[in-house]
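Chemist: Sharing a structure here in C-alpha cells format.
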Amino acid sequence: MADVFIGGSTAERELASLSPWRHPASPISIGEREARIAKARGEMERIGADAMIVGAGASLLYFTGVGWNAGDRLVAMLLFKRGPLLMVCPRFEVGSLHAARAIPLDVAEWEEHESPTELCGVLLRRHGVKTLAIDPAMAFFNVDGLRAAAPDIAQITAASVIDACRMIKSPAELALMSQAKQMTLEVHRRAARILREGVSTDEVRRFIDQAHRVLGADNGSYFCDVQFGEATSYPHGLPGEQILRNGDVVLIDTGCRVQGYNSDITRTYVFGEPTAKQRRVWEVEKRAQAAAFEAVKPGVTCEEIDAVARRILVEAGFGPDYELPGLPHRTGHGIGLSLHEAPYLVRGDKTPLQPGMCFSNEPMIVLPGEFGIRLEDHFHVTESGAAWFTAPQPALQEPCVPA
C-alpha cells in the first residue's frame with residue numbers, strides 16, 4: 001500500500017500505532033562530565049579566571065546533570081581552578097539537588113533569610129579568588145549581588161569558557177540529539193496524516209504533544225508552532241487559532257527533548273493542490289537549504305554558510321539581505337542543551353566550523369501577506385563536511401521520507 005503523506009488518517013489511529021522509542025540513547029557518563037569540568041578549568045586558565053560561577057539552566061545541566069531552571073533563589077556551581085566542585089543551594093533543596101546530580105559535588109547551603117551572593121563572596125575570598133568568570137545567562141540581580149558582596153573580585157564573562165565546552169558535541173551527545181530529532185520527524189510524519197479540512201491548529205498541536213509523549217520525549221513537545229495559510233508568512237506565526245482550508249500552506253515547527261538535548265524540525269507543504277507559485281518558492285527554498293549543507297567544511301566560517309544560502313535566494317529574485325520577499329533571519333543556529341546556542345550561521349559570526357558542531361539549516365522564504373516556506377533540518381559537522389541527523393523533506397507534498 002502506498003504511503004499516505006497528507007491526510008487520510010486520524011489522531012486516534014496514529015497515536016494507537018505509536019510506542020515508546022525502542023532503542024534509547026545512553027545517558028551522559030560521569031567520566032564525560034568530569035572531562036567537561038577539566039576542559040572548563042583549562043579554558044578558565046586561558047582567560048585568567050580563578051573561578052567560574054554557573055547558574056541554574058542549560059550550562060548547569062551540562063556540567064552537573066542538575067536540570068533546574070533559574071528562579072529567584074540562587075542555585076549555582078562554583079568551579080575553582082583546583083579542588084572539589086561546589087554547589088551553592090538553598091538548604092531545603094539539598095536533598096533534591098543530590099537526587100538530581102550526575103557527578104560528585106560538595107554543597108554550600110544557605111537559609112531563606114540569608115543572602116546567597118554574600119555566601120558566594122565568602123567562599124570566593126576563602127579560595128583566594130581575584131577574578132571570577134560569570135555565566136552570561138545568569139540573572140542581573142545575582143550578578144549585581146555578587147558585585148556588592150565581593151567588590152574586590154574582578155568580574156569577567158565566562159562565555160568563551162562555556163561555549164568552548166558546549167559547542168563541540170561528543171558522540172554521546174550526538175546520539176541523544178539524533179534520537180530527539182528522529183522522534184520529532186516521526187511525529188511530523190504522523191501529524192501530516194491527521195490533517196483534514198476544518199481541523200484547527202490547536203488540535204494539531206495537541207496531537208503533536210501527545211505523540212512526543214508516547215515516544216518518550218522529556219515532557220512532550222518542548223515547543224510547537226502550527227500555522228495555516230497567511231499565518232505561515234510570519235516566521236513565528238500569528239496569535240490565535242486558524243482553521244485549515246483547501247489550498248492552505250501548512251507550516252509546522254516543533255521539537256522535543258531527550259535527556260535535555262533538543263530537536264527542532266520544520267516541515268512546509270500544501271493541503272490540497274499546490275499552485276505554481278507555491279511549487280516554485282518551495283523548490284527555491286529546497287535549493288538554498290541544500291546549498292548551505294553542501295558548503296559545510298571544517299574551517300569554513302559560520303557566516304559563509306549564511307552567505308551561500310542567500311546567494312541562491314538572490315539569484316531567484318528574493319532579497320537581497322533581509323528584504324522581503326526573502327529571508328528575514330539567519331540561516332541557522334547552534335543547538336544542543338539549548339534550542340538556540342552558539343555559534344550561529346549568520347553574517348558576522350566568523351567562528352570556523354569544527355567537527356562536532358551542530359546546527360539548524362532553515363533559510364526561510366517569506367512572501368508577506370501570502371505564505372512562507374521553511375524547511376528546517378539539522379546537521380553536524382564531520383571531518384569531511386556535514387551529516388544530516390534526519391533526512392530533509394524530499395518533495396513539496398512529501399513531508400518526510402517514508403519510514
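In the C-alpha cells, chains take letters A, B, ... by order of appearance, with residues numbered from 1 within each chain and ligands from 1 in the order shown.
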Write out as a CSV table (one decimal) with N, CA and C atoms, in the first residue's frame each polymer residue whose atoms come within 10 Å of stretch 25-40 of chain A, counting only C-alpha atoms; drop sequence neighbours fewer than 5 positions from it.

Modeler:
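Output file part-v1.csv follows:
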chain,number,residue,atom,x,y,z
A,45,GLU,N,41.9,28.9,32.8
A,45,GLU,CA,43.3,29.3,32.9
A,45,GLU,C,43.6,30.2,31.7
A,46,ARG,N,43.1,29.9,30.6
A,46,ARG,CA,43.4,30.6,29.4
A,46,ARG,C,42.9,32.1,29.5
A,52,MET,N,34.8,30.1,38.3
A,52,MET,CA,33.7,30.4,37.4
A,52,MET,C,32.4,30.0,38.2
A,61,LEU,N,23.1,22.0,33.8
A,61,LEU,CA,22.8,20.7,33.4
A,61,LEU,C,24.0,20.0,32.7
A,62,TYR,N,24.6,20.8,31.8
A,62,TYR,CA,25.8,20.3,31.0
A,62,TYR,C,26.9,19.8,31.9
A,63,PHE,N,27.2,20.5,33.0
A,63,PHE,CA,28.4,20.2,33.8
A,63,PHE,C,28.0,19.2,34.9
A,64,THR,N,26.8,19.3,35.5
A,64,THR,CA,26.5,18.6,36.7
A,64,THR,C,25.3,17.6,36.6
A,65,GLY,N,24.5,17.7,35.5
A,65,GLY,CA,23.4,16.9,35.4
A,65,GLY,C,22.1,17.4,36.1
A,79,LEU,N,33.1,26.7,40.4
A,79,LEU,CA,34.2,25.9,39.9
A,79,LEU,C,35.5,26.6,40.1
A,80,PHE,N,36.4,26.1,41.0
A,80,PHE,CA,37.7,26.7,41.2
A,80,PHE,C,38.8,26.0,40.4
A,81,LYS,N,39.9,26.6,40.3
A,81,LYS,CA,41.0,26.0,39.5
A,81,LYS,C,41.4,24.7,40.0
A,82,ARG,N,41.3,24.5,41.3
A,82,ARG,CA,41.6,23.2,42.0
A,82,ARG,C,40.6,22.9,43.0
A,85,LEU,N,34.2,20.2,43.1
A,85,LEU,CA,33.1,21.0,42.6
A,85,LEU,C,32.2,21.4,43.7
A,102,ALA,N,24.5,14.4,38.7
A,102,ALA,CA,25.1,13.2,38.0
A,102,ALA,C,26.6,13.1,38.2
A,103,ILE,N,27.2,13.9,39.1
A,103,ILE,CA,28.6,13.9,39.3
A,103,ILE,C,28.8,14.3,40.8
A,104,PRO,N,29.9,13.8,41.4
A,104,PRO,CA,30.1,14.1,42.8
A,104,PRO,C,30.4,15.6,43.0
A,158,ALA,N,32.1,34.4,31.4
A,158,ALA,CA,32.5,33.0,31.2
A,158,ALA,C,32.1,32.5,29.8
A,160,SER,N,33.2,32.5,26.8
A,160,SER,CA,34.2,31.8,25.9
A,160,SER,C,34.5,30.4,26.6
A,161,VAL,N,34.5,30.3,27.9
A,161,VAL,CA,34.7,29.0,28.6
A,161,VAL,C,33.6,28.1,28.3
A,162,ILE,N,32.3,28.6,28.5
A,162,ILE,CA,31.2,27.7,28.3
A,162,ILE,C,31.0,27.3,26.8
A,163,ASP,N,31.1,28.3,25.9
A,163,ASP,CA,31.0,28.0,24.5
A,163,ASP,C,32.0,27.0,24.0
A,164,ALA,N,33.3,27.1,24.5
A,164,ALA,CA,34.3,26.2,24.1
A,164,ALA,C,34.0,24.8,24.5
A,165,CYS,N,33.3,24.6,25.6
A,165,CYS,CA,32.9,23.3,26.1
A,165,CYS,C,31.7,22.8,25.3
A,166,ARG,N,30.6,23.6,25.2
A,166,ARG,CA,29.3,23.1,24.8
A,166,ARG,C,29.2,23.0,23.3
A,170,SER,N,30.0,15.6,21.8
A,170,SER,CA,30.6,14.3,21.8
A,170,SER,C,29.8,13.3,21.1
A,171,PRO,N,30.3,12.1,20.9
A,171,PRO,CA,29.5,11.0,20.3
A,171,PRO,C,28.2,10.7,21.1
A,172,ALA,N,28.3,10.8,22.5
A,172,ALA,CA,27.2,10.5,23.3
A,172,ALA,C,26.1,11.6,23.1
A,173,GLU,N,26.6,12.9,23.0
A,173,GLU,CA,25.6,14.0,22.8
A,173,GLU,C,25.0,13.8,21.4
A,174,LEU,N,25.7,13.5,20.4
A,174,LEU,CA,25.2,13.3,19.1
A,174,LEU,C,24.1,12.2,19.0
A,175,ALA,N,24.3,11.2,19.8
A,175,ALA,CA,23.4,10.1,19.8
A,175,ALA,C,22.1,10.5,20.5
A,176,LEU,N,22.1,11.3,21.6
A,176,LEU,CA,20.9,11.8,22.2
A,176,LEU,C,20.2,12.8,21.3
A,177,MET,N,20.9,13.7,20.6
A,177,MET,CA,20.3,14.6,19.7
A,177,MET,C,19.7,13.9,18.5
A,178,SER,N,20.4,12.8,18.0
A,178,SER,CA,19.8,12.1,16.9
A,178,SER,C,18.5,11.4,17.3
A,179,GLN,N,18.4,10.9,18.5
A,179,GLN,CA,17.2,10.3,19.0
A,179,GLN,C,16.0,11.3,19.0
A,180,ALA,N,16.3,12.5,19.6
A,180,ALA,CA,15.3,13.5,19.7
A,180,ALA,C,14.8,13.9,18.3
A,258,VAL,N,15.4,15.0,24.7
A,258,VAL,CA,15.7,13.7,25.2
A,258,VAL,C,16.9,13.9,26.1
A,259,GLN,N,16.7,13.7,27.4
A,259,GLN,CA,17.7,13.9,28.4
A,259,GLN,C,18.3,15.4,28.3

Chemist: Residues near stretch 67-76 of chain A, anyone? I mean within 6 Å using only C-alpha atoms, not counting same-chain ones fewer than 3 positions away, as a list in words.

Modeler: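 Listing them by chain and then by number gives Val54, Gly55, Ala56, Gly57, Leu61, Met87, Val88 and Cys89 of chain A.
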
Chemist: Atoms to include: N, CA and C atoms. Write the selected residues as an mmCIF file, in the first residue's frame.

Modeler:
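Okay, again.cif is ready:
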data_model
loop_
_atom_site.group_PDB
_atom_site.id
_atom_site.type_symbol
_atom_site.label_atom_id
_atom_site.label_comp_id
_atom_site.auth_asym_id
_atom_site.auth_seq_id
_atom_site.Cartn_x
_atom_site.Cartn_y
_atom_site.Cartn_z
ATOM 1 N N VAL A 54 28.315 29.249 37.556
ATOM 2 C CA VAL A 54 27.335 28.859 36.541
ATOM 3 C C VAL A 54 25.993 28.689 37.233
ATOM 4 N N GLY A 55 25.004 29.459 36.794
ATOM 5 C CA GLY A 55 23.686 29.386 37.402
ATOM 6 C C GLY A 55 22.823 28.284 36.833
ATOM 7 N N ALA A 56 21.660 28.079 37.464
ATOM 8 C CA ALA A 56 20.722 27.064 37.002
ATOM 9 C C ALA A 56 20.326 27.334 35.554
ATOM 10 N N GLY A 57 20.211 26.268 34.781
ATOM 11 C CA GLY A 57 19.909 26.384 33.359
ATOM 12 C C GLY A 57 20.684 25.343 32.579
ATOM 13 N N LEU A 61 23.135 22.047 33.786
ATOM 14 C CA LEU A 61 22.810 20.681 33.377
ATOM 15 C C LEU A 61 23.998 20.046 32.666
ATOM 16 N N MET A 87 28.531 23.395 44.963
ATOM 17 C CA MET A 87 27.219 23.922 44.601
ATOM 18 C C MET A 87 26.697 24.792 45.728
ATOM 19 N N VAL A 88 26.192 25.955 45.377
ATOM 20 C CA VAL A 88 25.506 26.840 46.322
ATOM 21 C C VAL A 88 24.017 26.596 46.141
ATOM 22 N N CYS A 89 23.316 26.285 47.241
ATOM 23 C CA CYS A 89 21.937 25.814 47.126
ATOM 24 C C CYS A 89 21.152 26.140 48.395
#

Chemist: Counting only C-alpha atoms, which of A:Ala58, A:Ile156, A:Leu327, A:Ile208 gets nearest to A:Arg189?

Modeler: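 Ranked by minimum distance to A:Arg189, first place goes to A:Ile208.
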
Chemist: Could you name the residues that touch A:Val401 at 9 Å or less, counting only C-alpha atoms, but leaving out those on the same chain fewer than 4 positions away, as an MDAnalysis selection string?

Modeler: chainID A and resid 189 391:395

Chemist: Residues of the last selection are to be written out with N, CA and C atoms, as a PDB file, in the first residue's frame.

Modeler:
ATOM      1  N   ARG A 189       5.715  13.143  10.499  1.00  0.00           N
ATOM      2  CA  ARG A 189       5.153  12.215   9.508  1.00  0.00           C
ATOM      3  C   ARG A 189       3.686  11.924   9.823  1.00  0.00           C
ATOM      4  N   ALA A 391      16.691  12.842   7.458  1.00  0.00           N
ATOM      5  CA  ALA A 391      16.579  13.158   6.029  1.00  0.00           C
ATOM      6  C   ALA A 391      15.705  14.385   5.819  1.00  0.00           C
ATOM      7  N   PRO A 392      16.143  15.327   4.990  1.00  0.00           N
ATOM      8  CA  PRO A 392      15.320  16.503   4.687  1.00  0.00           C
ATOM      9  C   PRO A 392      14.034  16.127   3.949  1.00  0.00           C
ATOM     10  N   GLN A 393      13.109  17.082   3.902  1.00  0.00           N
ATOM     11  CA  GLN A 393      11.847  16.870   3.197  1.00  0.00           C
ATOM     12  C   GLN A 393      12.130  16.611   1.721  1.00  0.00           C
ATOM     13  N   PRO A 394      11.654  15.486   1.173  1.00  0.00           N
ATOM     14  CA  PRO A 394      12.028  15.132  -0.207  1.00  0.00           C
ATOM     15  C   PRO A 394      11.249  15.872  -1.281  1.00  0.00           C
ATOM     16  N   ALA A 395      10.002  16.264  -1.004  1.00  0.00           N
ATOM     17  CA  ALA A 395       9.193  16.918  -2.028  1.00  0.00           C
ATOM     18  C   ALA A 395       8.113  17.750  -1.335  1.00  0.00           C
TER      19      ALA A 395
END

Chemist: Run DSSP on the backbone and tell me which residues of stretch 198-255 of chain A come out as alpha helix (DSSP H); list them as a PyMOL selection string.

Modeler: chain A and resi 201-215

Chemist: For a quick check of understanding, using only C-alpha atoms, which of A:Val94, A:Ile252, A:Ile305, A:Ala133 has the smallest distance to A:Ala49?

Modeler: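 Under the stated criterion, the closest residue is A:Ala133.
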
Chemist: Tell me, as an MDAnalysis selection string, which residues lie within 12 Å of stretch 315-323 of chain A, counting only C-alpha atoms; anything in the same chain fewer than 6 positions away does not count.

Modeler: chainID A and resid 280:285 287:288 306:309 329:331 346:347 363:368

Chemist: Please produce an output containing C-alpha atoms for each residue in the selection, written as a PDB file, in the first residue's frame.

Modeler:
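Generated output (selection-v6.pdb):
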ATOM      1  CA  ARG A 280       8.339  27.448  -7.295  1.00  0.00           C
ATOM      2  CA  VAL A 281       9.032  29.009  -3.892  1.00  0.00           C
ATOM      3  CA  TRP A 282       9.301  25.584  -2.245  1.00  0.00           C
ATOM      4  CA  GLU A 283      11.856  24.486  -4.846  1.00  0.00           C
ATOM      5  CA  VAL A 284      13.968  27.612  -4.296  1.00  0.00           C
ATOM      6  CA  GLU A 285      13.881  27.004  -0.544  1.00  0.00           C
ATOM      7  CA  ARG A 287      17.916  24.535  -3.270  1.00  0.00           C
ATOM      8  CA  ALA A 288      19.029  27.110  -0.688  1.00  0.00           C
ATOM      9  CA  ASP A 306      24.565  32.022   5.538  1.00  0.00           C
ATOM     10  CA  ALA A 307      26.012  33.820   2.511  1.00  0.00           C
ATOM     11  CA  VAL A 308      25.764  30.685   0.346  1.00  0.00           C
ATOM     12  CA  ALA A 309      22.060  30.258   1.095  1.00  0.00           C
ATOM     13  CA  HIS A 329      16.539  35.972   9.611  1.00  0.00           C
ATOM     14  CA  ARG A 330      19.768  33.949   9.874  1.00  0.00           C
ATOM     15  CA  THR A 331      20.191  30.671   8.023  1.00  0.00           C
ATOM     16  CA  VAL A 346      24.708  34.448  10.296  1.00  0.00           C
ATOM     17  CA  ARG A 347      26.688  37.347   8.863  1.00  0.00           C
ATOM     18  CA  PRO A 363      16.794  29.647   5.080  1.00  0.00           C
ATOM     19  CA  MET A 364      13.068  30.508   5.182  1.00  0.00           C
ATOM     20  CA  ILE A 365      11.400  32.391   2.310  1.00  0.00           C
ATOM     21  CA  VAL A 366       8.658  34.841   3.341  1.00  0.00           C
ATOM     22  CA  LEU A 367       6.132  36.369   0.938  1.00  0.00           C
ATOM     23  CA  PRO A 368       4.354  38.978   3.093  1.00  0.00           C
TER      24      PRO A 368
END

Chemist: For A:Glu303, which residue out of A:Arg101, A:Ser263, A:Leu345, A:Leu324 is the nearest one, using only C-alpha atoms?

Modeler: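 Looking only at the distances to A:Glu303, the closest residue turns out to be A:Leu345.
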
Chemist: For A:Ile335, work out the shell of residues within 6 Å, counting only C-alpha atoms and skipping chain neighbours fewer than 3 positions away, then give it as a compact mmCIF listing (two decimals) with N, CA and C atoms, in the first residue's frame.

Modeler:
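The new file around-v5.txt reads:
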# COMPACT_ATOMS: atom_id res chain seq x y z
N SER A 338 20.53 23.81 24.70
CA SER A 338 19.67 24.96 24.42
C SER A 338 19.15 24.84 23.00
N LEU A 339 17.92 25.30 22.81
CA LEU A 339 17.34 25.24 21.48
C LEU A 339 18.14 26.09 20.51
N HIS A 340 18.54 27.27 20.96
CA HIS A 340 19.40 28.16 20.19
C HIS A 340 20.65 28.43 21.01
N GLU A 341 21.81 28.11 20.49
CA GLU A 341 23.06 28.35 21.20
C GLU A 341 24.18 28.60 20.20
N CYS A 358 26.89 21.47 15.84
CA CYS A 358 25.56 21.09 15.37
C CYS A 358 24.74 22.33 15.08
N PHE A 359 24.01 22.31 13.95
CA PHE A 359 23.28 23.49 13.51
C PHE A 359 21.93 23.13 12.90

Chemist: Taking the backbone alone, and naming residues the way the document does, which bits of stretch 110-279 of chain A are strand (DSSP E or B) by DSSP, as a ChimeraX atom specification?

Modeler: /A:110,131-134,154-157,200,221-228,243,249-258,261-262,265-270

Chemist: Give the answer as one residue: which of A:Glu294, A:Glu118, A:Asp135, A:Asp218 has the shortest atom-to-atom distance to A:Ala148, using only C-alpha atoms?

Modeler: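 Under the stated criterion, the closest residue is A:Glu118.
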